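> Dropping in start18.txt, with compact mmCIF, N, CA and C atoms.
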# COMPACT_ATOMS: atom_id res chain seq x y z
N MET A 744 125.04 115.76 127.87
CA MET A 744 123.96 114.80 128.02
C MET A 744 122.96 114.89 126.87
N VAL A 745 122.54 116.10 126.52
CA VAL A 745 121.59 116.29 125.43
C VAL A 745 122.20 115.82 124.12
N ARG A 746 123.47 116.11 123.92
CA ARG A 746 124.17 115.70 122.70
C ARG A 746 124.21 114.18 122.59
N ALA A 747 124.46 113.49 123.69
CA ALA A 747 124.51 112.03 123.69
C ALA A 747 123.14 111.45 123.37
N LEU A 748 122.09 112.01 123.96
CA LEU A 748 120.73 111.55 123.68
C LEU A 748 120.36 111.78 122.22
N ARG A 749 120.74 112.94 121.70
CA ARG A 749 120.45 113.26 120.30
C ARG A 749 121.17 112.27 119.38
N ARG A 750 122.44 111.98 119.69
CA ARG A 750 123.21 111.04 118.88
C ARG A 750 122.59 109.65 118.93
N THR A 751 122.17 109.21 120.12
CA THR A 751 121.54 107.91 120.27
C THR A 751 120.24 107.84 119.47
N ALA A 752 119.45 108.90 119.54
CA ALA A 752 118.20 108.94 118.78
C ALA A 752 118.46 108.87 117.29
N CYS A 753 119.45 109.61 116.82
CA CYS A 753 119.79 109.59 115.38
C CYS A 753 120.23 108.20 114.93
N VAL A 754 121.05 107.54 115.74
CA VAL A 754 121.52 106.20 115.40
C VAL A 754 120.34 105.23 115.36
N ALA A 755 119.43 105.34 116.32
CA ALA A 755 118.26 104.45 116.35
C ALA A 755 117.38 104.66 115.13
N ILE A 756 117.14 105.90 114.78
CA ILE A 756 116.29 106.19 113.61
C ILE A 756 116.97 105.71 112.33
N ALA A 757 118.25 105.99 112.19
CA ALA A 757 118.98 105.55 110.99
C ALA A 757 118.98 104.03 110.88
N SER A 758 119.17 103.35 112.00
CA SER A 758 119.16 101.89 111.98
C SER A 758 117.81 101.35 111.54
N ALA A 759 116.74 101.95 112.05
CA ALA A 759 115.40 101.50 111.68
C ALA A 759 115.14 101.72 110.20
N LEU A 760 115.56 102.86 109.68
CA LEU A 760 115.34 103.15 108.27
C LEU A 760 116.15 102.24 107.38
N LEU A 761 117.39 101.99 107.75
CA LEU A 761 118.25 101.14 106.93
C LEU A 761 117.83 99.69 106.98
N ALA A 762 117.37 99.23 108.12
CA ALA A 762 116.97 97.84 108.25
C ALA A 762 115.72 97.56 107.44
N GLY A 763 114.81 98.52 107.41
CA GLY A 763 113.58 98.34 106.66
C GLY A 763 112.68 97.31 107.29
N PRO A 764 111.57 97.68 107.82
CA PRO A 764 110.70 96.75 108.51
C PRO A 764 110.20 95.61 107.64
N ALA A 765 110.11 95.83 106.35
CA ALA A 765 109.54 94.80 105.48
C ALA A 765 110.42 93.57 105.40
N PHE A 766 111.73 93.72 105.53
CA PHE A 766 112.63 92.58 105.41
C PHE A 766 113.21 92.15 106.75
N ALA A 767 112.78 92.79 107.84
CA ALA A 767 113.38 92.56 109.15
C ALA A 767 113.22 91.12 109.62
N SER A 768 112.13 90.45 109.26
CA SER A 768 111.89 89.12 109.79
C SER A 768 112.47 88.01 108.93
N GLY A 769 112.97 88.33 107.76
CA GLY A 769 113.51 87.31 106.87
C GLY A 769 115.02 87.31 106.83
N ASP A 770 115.58 86.16 106.51
CA ASP A 770 117.03 85.98 106.38
C ASP A 770 117.33 85.74 104.90
N ALA A 771 117.96 86.72 104.25
CA ALA A 771 118.20 86.64 102.80
C ALA A 771 119.08 85.45 102.43
N ALA A 772 120.04 85.09 103.28
CA ALA A 772 120.91 83.94 102.97
C ALA A 772 120.09 82.65 102.94
N LYS A 773 119.21 82.49 103.90
CA LYS A 773 118.32 81.31 103.90
C LYS A 773 117.34 81.40 102.74
N GLY A 774 116.92 82.62 102.42
CA GLY A 774 116.00 82.82 101.31
C GLY A 774 116.60 82.42 99.98
N LYS A 775 117.90 82.61 99.84
CA LYS A 775 118.59 82.18 98.61
C LYS A 775 118.47 80.67 98.45
N ASP A 776 118.56 79.94 99.56
CA ASP A 776 118.37 78.49 99.52
C ASP A 776 116.93 78.14 99.15
N VAL A 777 115.97 78.86 99.71
CA VAL A 777 114.57 78.62 99.38
C VAL A 777 114.34 78.90 97.89
N PHE A 778 115.03 79.90 97.37
CA PHE A 778 114.87 80.27 95.95
C PHE A 778 115.23 79.12 95.01
N ASN A 779 116.04 78.18 95.46
CA ASN A 779 116.38 77.03 94.61
C ASN A 779 115.12 76.32 94.10
N ARG A 780 114.03 76.37 94.88
CA ARG A 780 112.77 75.78 94.44
C ARG A 780 112.16 76.60 93.30
N CYS A 781 112.44 77.88 93.28
CA CYS A 781 111.89 78.80 92.29
C CYS A 781 112.73 78.84 91.01
N ALA A 782 114.03 78.53 91.17
CA ALA A 782 114.99 78.69 90.07
C ALA A 782 114.70 77.77 88.89
N MET A 783 113.88 76.78 89.11
CA MET A 783 113.49 75.89 88.02
C MET A 783 112.71 76.68 86.95
N CYS A 784 111.98 77.70 87.41
CA CYS A 784 111.13 78.47 86.50
C CYS A 784 111.51 79.94 86.39
N HIS A 785 112.20 80.49 87.39
CA HIS A 785 112.51 81.91 87.44
C HIS A 785 114.02 82.17 87.50
N SER A 786 114.47 83.19 86.82
CA SER A 786 115.86 83.62 86.95
C SER A 786 115.93 84.71 88.02
N ASP A 787 117.13 84.87 88.59
CA ASP A 787 117.32 85.87 89.63
C ASP A 787 118.53 86.77 89.35
N ALA A 788 119.04 86.73 88.15
CA ALA A 788 120.22 87.51 87.78
C ALA A 788 119.84 88.62 86.81
N LYS A 789 120.45 89.77 87.00
CA LYS A 789 120.18 90.90 86.13
C LYS A 789 120.44 90.54 84.67
N GLY A 790 119.45 90.76 83.82
CA GLY A 790 119.60 90.50 82.40
C GLY A 790 119.49 89.04 82.00
N ALA A 791 119.17 88.16 82.96
CA ALA A 791 119.09 86.73 82.64
C ALA A 791 117.87 86.39 81.80
N GLY A 792 116.85 87.20 81.87
CA GLY A 792 115.67 86.98 81.05
C GLY A 792 114.66 86.05 81.68
N ASN A 793 113.53 85.96 81.03
CA ASN A 793 112.43 85.13 81.50
C ASN A 793 112.68 83.67 81.17
N ARG A 794 112.09 82.81 81.98
CA ARG A 794 112.09 81.37 81.74
C ARG A 794 110.64 80.94 81.62
N ILE A 795 110.29 79.85 82.24
CA ILE A 795 108.88 79.44 82.30
C ILE A 795 108.09 80.52 83.04
N GLY A 796 108.72 81.12 84.03
CA GLY A 796 108.16 82.24 84.77
C GLY A 796 109.00 83.48 84.49
N PRO A 797 108.51 84.64 84.91
CA PRO A 797 109.26 85.88 84.64
C PRO A 797 110.54 86.00 85.46
N ASP A 798 111.46 86.78 84.96
CA ASP A 798 112.70 87.11 85.65
C ASP A 798 112.33 87.87 86.93
N LEU A 799 112.93 87.51 88.05
CA LEU A 799 112.60 88.14 89.32
C LEU A 799 113.60 89.21 89.75
N TRP A 800 114.57 89.52 88.90
CA TRP A 800 115.50 90.61 89.21
C TRP A 800 114.69 91.90 89.30
N GLY A 801 114.79 92.61 90.40
CA GLY A 801 114.09 93.87 90.56
C GLY A 801 112.59 93.74 90.79
N VAL A 802 112.14 92.57 91.24
CA VAL A 802 110.70 92.35 91.40
C VAL A 802 110.08 93.22 92.49
N VAL A 803 110.82 93.49 93.57
CA VAL A 803 110.26 94.30 94.65
C VAL A 803 110.01 95.71 94.13
N GLY A 804 108.78 96.15 94.23
CA GLY A 804 108.39 97.47 93.75
C GLY A 804 107.80 97.47 92.34
N ARG A 805 107.91 96.35 91.64
CA ARG A 805 107.38 96.25 90.28
C ARG A 805 105.87 96.01 90.32
N LYS A 806 105.17 96.54 89.36
CA LYS A 806 103.74 96.27 89.21
C LYS A 806 103.60 94.86 88.64
N ALA A 807 102.70 94.08 89.21
CA ALA A 807 102.48 92.71 88.77
C ALA A 807 102.08 92.67 87.30
N GLY A 808 102.61 91.68 86.59
CA GLY A 808 102.24 91.47 85.20
C GLY A 808 102.89 92.41 84.22
N THR A 809 104.02 92.99 84.58
CA THR A 809 104.63 93.99 83.69
C THR A 809 106.06 93.68 83.25
N GLU A 810 106.63 92.56 83.65
CA GLU A 810 108.00 92.24 83.20
C GLU A 810 107.96 92.05 81.69
N PRO A 811 108.74 92.85 80.95
CA PRO A 811 108.72 92.77 79.48
C PRO A 811 109.02 91.37 78.96
N GLY A 812 108.29 90.99 77.94
CA GLY A 812 108.55 89.74 77.25
C GLY A 812 107.94 88.51 77.90
N PHE A 813 107.16 88.70 78.96
CA PHE A 813 106.52 87.53 79.58
C PHE A 813 105.02 87.60 79.35
N ASN A 814 104.43 86.46 79.04
CA ASN A 814 103.00 86.37 78.75
C ASN A 814 102.24 86.03 80.04
N TYR A 815 101.78 87.06 80.74
CA TYR A 815 101.05 86.89 82.00
C TYR A 815 99.59 86.58 81.75
N SER A 816 98.97 85.98 82.74
CA SER A 816 97.52 85.76 82.70
C SER A 816 96.82 87.12 82.80
N SER A 817 95.64 87.18 82.26
CA SER A 817 94.88 88.44 82.37
C SER A 817 94.55 88.72 83.83
N ALA A 818 94.37 87.67 84.62
CA ALA A 818 94.07 87.86 86.05
C ALA A 818 95.20 88.60 86.75
N LEU A 819 96.44 88.23 86.48
CA LEU A 819 97.56 88.89 87.13
C LEU A 819 97.77 90.29 86.56
N LYS A 820 97.66 90.43 85.24
CA LYS A 820 97.85 91.74 84.62
C LYS A 820 96.83 92.75 85.14
N SER A 821 95.63 92.32 85.41
CA SER A 821 94.59 93.25 85.85
C SER A 821 94.45 93.32 87.37
N SER A 822 95.35 92.67 88.09
CA SER A 822 95.24 92.60 89.55
C SER A 822 95.51 93.93 90.25
N GLY A 823 96.31 94.79 89.62
CA GLY A 823 96.67 96.06 90.25
C GLY A 823 97.68 95.93 91.37
N ILE A 824 98.25 94.76 91.54
CA ILE A 824 99.21 94.51 92.62
C ILE A 824 100.55 95.16 92.29
N VAL A 825 101.15 95.75 93.30
CA VAL A 825 102.55 96.18 93.24
C VAL A 825 103.27 95.25 94.21
N TRP A 826 104.38 94.69 93.77
CA TRP A 826 105.08 93.68 94.56
C TRP A 826 105.84 94.30 95.72
N THR A 827 105.12 94.60 96.77
CA THR A 827 105.73 95.00 98.04
C THR A 827 106.16 93.73 98.76
N PRO A 828 107.01 93.83 99.76
CA PRO A 828 107.37 92.63 100.52
C PRO A 828 106.15 91.89 101.08
N ASP A 829 105.17 92.61 101.59
CA ASP A 829 103.98 91.96 102.13
C ASP A 829 103.21 91.21 101.05
N LYS A 830 103.06 91.83 99.89
CA LYS A 830 102.34 91.18 98.78
C LYS A 830 103.11 89.96 98.27
N LEU A 831 104.44 90.08 98.19
CA LEU A 831 105.25 88.94 97.75
C LEU A 831 105.13 87.77 98.72
N GLU A 832 105.14 88.08 100.01
CA GLU A 832 105.00 87.02 101.00
C GLU A 832 103.65 86.32 100.84
N GLN A 833 102.60 87.10 100.67
CA GLN A 833 101.27 86.53 100.46
C GLN A 833 101.27 85.66 99.19
N TRP A 834 101.91 86.16 98.14
CA TRP A 834 101.96 85.45 96.86
C TRP A 834 102.66 84.10 97.00
N VAL A 835 103.84 84.07 97.62
CA VAL A 835 104.58 82.81 97.69
C VAL A 835 103.93 81.81 98.65
N MET A 836 103.01 82.28 99.48
CA MET A 836 102.27 81.38 100.36
C MET A 836 101.07 80.75 99.64
N GLY A 837 100.69 81.31 98.49
CA GLY A 837 99.58 80.73 97.74
C GLY A 837 99.16 81.60 96.58
N PRO A 838 99.88 81.51 95.47
CA PRO A 838 99.57 82.36 94.31
C PRO A 838 98.12 82.24 93.83
N GLY A 839 97.61 81.03 93.76
CA GLY A 839 96.25 80.82 93.27
C GLY A 839 95.19 81.35 94.21
N LYS A 840 95.50 81.39 95.49
CA LYS A 840 94.56 81.96 96.46
C LYS A 840 94.55 83.48 96.35
N MET A 841 95.73 84.04 96.11
CA MET A 841 95.84 85.50 96.04
C MET A 841 95.24 86.05 94.75
N VAL A 842 95.53 85.38 93.64
CA VAL A 842 95.03 85.82 92.34
C VAL A 842 94.45 84.61 91.61
N PRO A 843 93.18 84.33 91.85
CA PRO A 843 92.55 83.23 91.12
C PRO A 843 92.66 83.49 89.61
N GLY A 844 93.05 82.45 88.88
CA GLY A 844 93.20 82.60 87.44
C GLY A 844 94.65 82.82 87.01
N THR A 845 95.57 82.90 87.99
CA THR A 845 96.98 83.03 87.62
C THR A 845 97.44 81.74 86.94
N ARG A 846 98.46 81.86 86.12
CA ARG A 846 99.02 80.67 85.45
C ARG A 846 100.10 80.00 86.28
N MET A 847 100.51 80.64 87.37
CA MET A 847 101.56 80.05 88.20
C MET A 847 101.02 78.81 88.88
N MET A 848 101.64 77.68 88.62
CA MET A 848 101.14 76.40 89.09
C MET A 848 101.64 76.02 90.48
N PHE A 849 102.57 76.78 91.04
CA PHE A 849 103.14 76.51 92.36
C PHE A 849 102.05 76.67 93.42
N ALA A 850 101.88 75.66 94.27
CA ALA A 850 100.83 75.69 95.29
C ALA A 850 101.14 76.69 96.40
N GLY A 851 102.40 76.92 96.67
CA GLY A 851 102.78 77.87 97.72
C GLY A 851 103.63 77.23 98.79
N LEU A 852 104.40 78.05 99.47
CA LEU A 852 105.19 77.58 100.60
C LEU A 852 104.28 77.36 101.79
N SER A 853 104.58 76.35 102.59
CA SER A 853 103.76 76.10 103.78
C SER A 853 104.36 76.76 105.02
N SER A 854 105.61 77.21 104.92
CA SER A 854 106.30 77.81 106.06
C SER A 854 106.35 79.33 105.92
N LYS A 855 105.77 80.03 106.89
CA LYS A 855 105.81 81.49 106.88
C LYS A 855 107.26 81.98 106.96
N GLN A 856 108.10 81.29 107.74
CA GLN A 856 109.49 81.70 107.86
C GLN A 856 110.21 81.58 106.52
N GLN A 857 109.97 80.49 105.79
CA GLN A 857 110.57 80.35 104.47
C GLN A 857 110.09 81.45 103.53
N ALA A 858 108.83 81.81 103.63
CA ALA A 858 108.29 82.89 102.80
C ALA A 858 108.98 84.21 103.15
N GLU A 859 109.15 84.49 104.43
CA GLU A 859 109.84 85.71 104.85
C GLU A 859 111.29 85.71 104.38
N ASP A 860 111.95 84.56 104.49
CA ASP A 860 113.34 84.44 104.04
C ASP A 860 113.43 84.65 102.53
N LEU A 861 112.53 84.03 101.79
CA LEU A 861 112.54 84.17 100.33
C LEU A 861 112.32 85.63 99.93
N VAL A 862 111.39 86.30 100.56
CA VAL A 862 111.11 87.70 100.24
C VAL A 862 112.31 88.58 100.60
N ALA A 863 112.99 88.25 101.69
CA ALA A 863 114.21 88.99 102.04
C ALA A 863 115.25 88.82 100.93
N PHE A 864 115.40 87.60 100.41
CA PHE A 864 116.32 87.37 99.30
C PHE A 864 115.89 88.14 98.05
N LEU A 865 114.62 88.10 97.72
CA LEU A 865 114.13 88.82 96.54
C LEU A 865 114.41 90.33 96.68
N GLY A 866 114.38 90.82 97.90
CA GLY A 866 114.70 92.23 98.15
C GLY A 866 116.13 92.61 97.84
N THR A 867 117.01 91.61 97.76
CA THR A 867 118.41 91.90 97.43
C THR A 867 118.64 91.97 95.93
N LEU A 868 117.67 91.59 95.14
CA LEU A 868 117.83 91.50 93.69
C LEU A 868 117.55 92.86 93.04
N LYS A 869 118.52 93.75 93.18
CA LYS A 869 118.36 95.09 92.61
C LYS A 869 119.70 95.65 92.20
Could you spell out this file's structure in structure tokens?

Amino acid sequence: MVRALRRTACVAIASALLAGPAFASGDAAKGKDVFNRCAMCHSDAKGAGNRIGPDLWGVVGRKAGTEPGFNYSSALKSSGIVWTPDKLEQWVMGPGKMVPGTRMMFAGLSSKQQAEDLVAFLGTLK
């Protein structure tokens, strides 16, 4: 009995750690579709390079304003933001609200679910 409980507890803990709470509410497959709106300005492939906006490969965990070869606004460079899933969700819901003075002209997604899905997709880019 104790062994079964211990095994169940280990499975539950491992599942929680692997799932990662930050991406739990988003659907990466749907987020890939949402990304089509972003692909006009951003690349999502390793080594694809910057476009009008910076390359988003490996964006989760990156410090804002640090992708090599991209000319960021001073507002974003000095923001001190690290792109956690929560920060990315806030960003895609309204970049100009989050960092006044940013050069990103996108007004933001109006759907929280789309933002969660997009962030889940961005989390796969590593």
> Using only C-alpha atoms, determine which residues lie at most 9 Å from stretch 835-847 of chain A, disregarding the query and same-chain residues fewer than 3 positions distant; provide the list as a list in words.
Gly796, Tyr815, Ser816, Ser817, Ala818, Leu819, Ser822, Lys830, Leu831, Glu832, Ala850, Gly851, Leu852, Ser853, Ser854, Lys855, Ala858, Leu861 and Val862 of chain A
> Between atom CA of A:Pro797 and atom CA of A:Trp826, what is the distance, to one decimal in Å?
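Separation of atom CA of A:Pro797 and atom CA of A:Trp826: 13.3 Å.
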> I need the residue nearest A:Thr827 from this list: A:Leu865, A:Met848, A:Ala791, A:Ala772. Use only C-alpha atoms for the distance.
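So, comparing all the options, the nearest one is A:Leu865.
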> What does the distance between atom CA of A:Phe864 and atom N of A:His785 come to in Å, to one decimal place?
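Going from atom CA of A:Phe864 over to atom N of A:His785, I get 14.4 Å.
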> So the first atom is atom N of A:Gly808 and the second is atom N of A:Lys820; what is the distance between them in Å, to one decimal place?
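Spanning atom N of A:Gly808 to atom N of A:Lys820 is a straight-line distance of 5.3 Å.
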> A:Phe849, A:Gly790, A:Pro828, A:Cys784: which is nearest A:Arg805, counting only C-alpha atoms?
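Looking only at the distances to A:Arg805, the closest residue turns out to be A:Pro828.
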> Please run DSSP on the backbone and report, as an NGL selection string, all residues within stretch 762-859 of chain A that come out as alpha helix (DSSP H).
:A and (762 or 771-778 or 817-820 or 828-836 or 838-841 or 855-859)
> Write out as a list in words the residues lying within 8 Å of A:Ser768, counting all atoms listed in the file and excluding same-chain residues fewer than 5 positions away.
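Listed by chain and then number, they are Gly763, Gln856, Ala858, Glu859, Asp860 and Ala863 of chain A.
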> Just checking: using all atoms listed in the file, which residue out of A:Met783, A:Val777, A:Leu868, A:Ala788 ends up closest to A:Gly801?
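Counting all atoms listed in the file, the residue closest to A:Gly801 is A:Leu868.
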> Which of these, A:Phe813, A:Ala807, A:Lys869, A:Gly823, has the shortest distance to A:Asn793 once you count only N, CA and C atoms?
A:Phe813
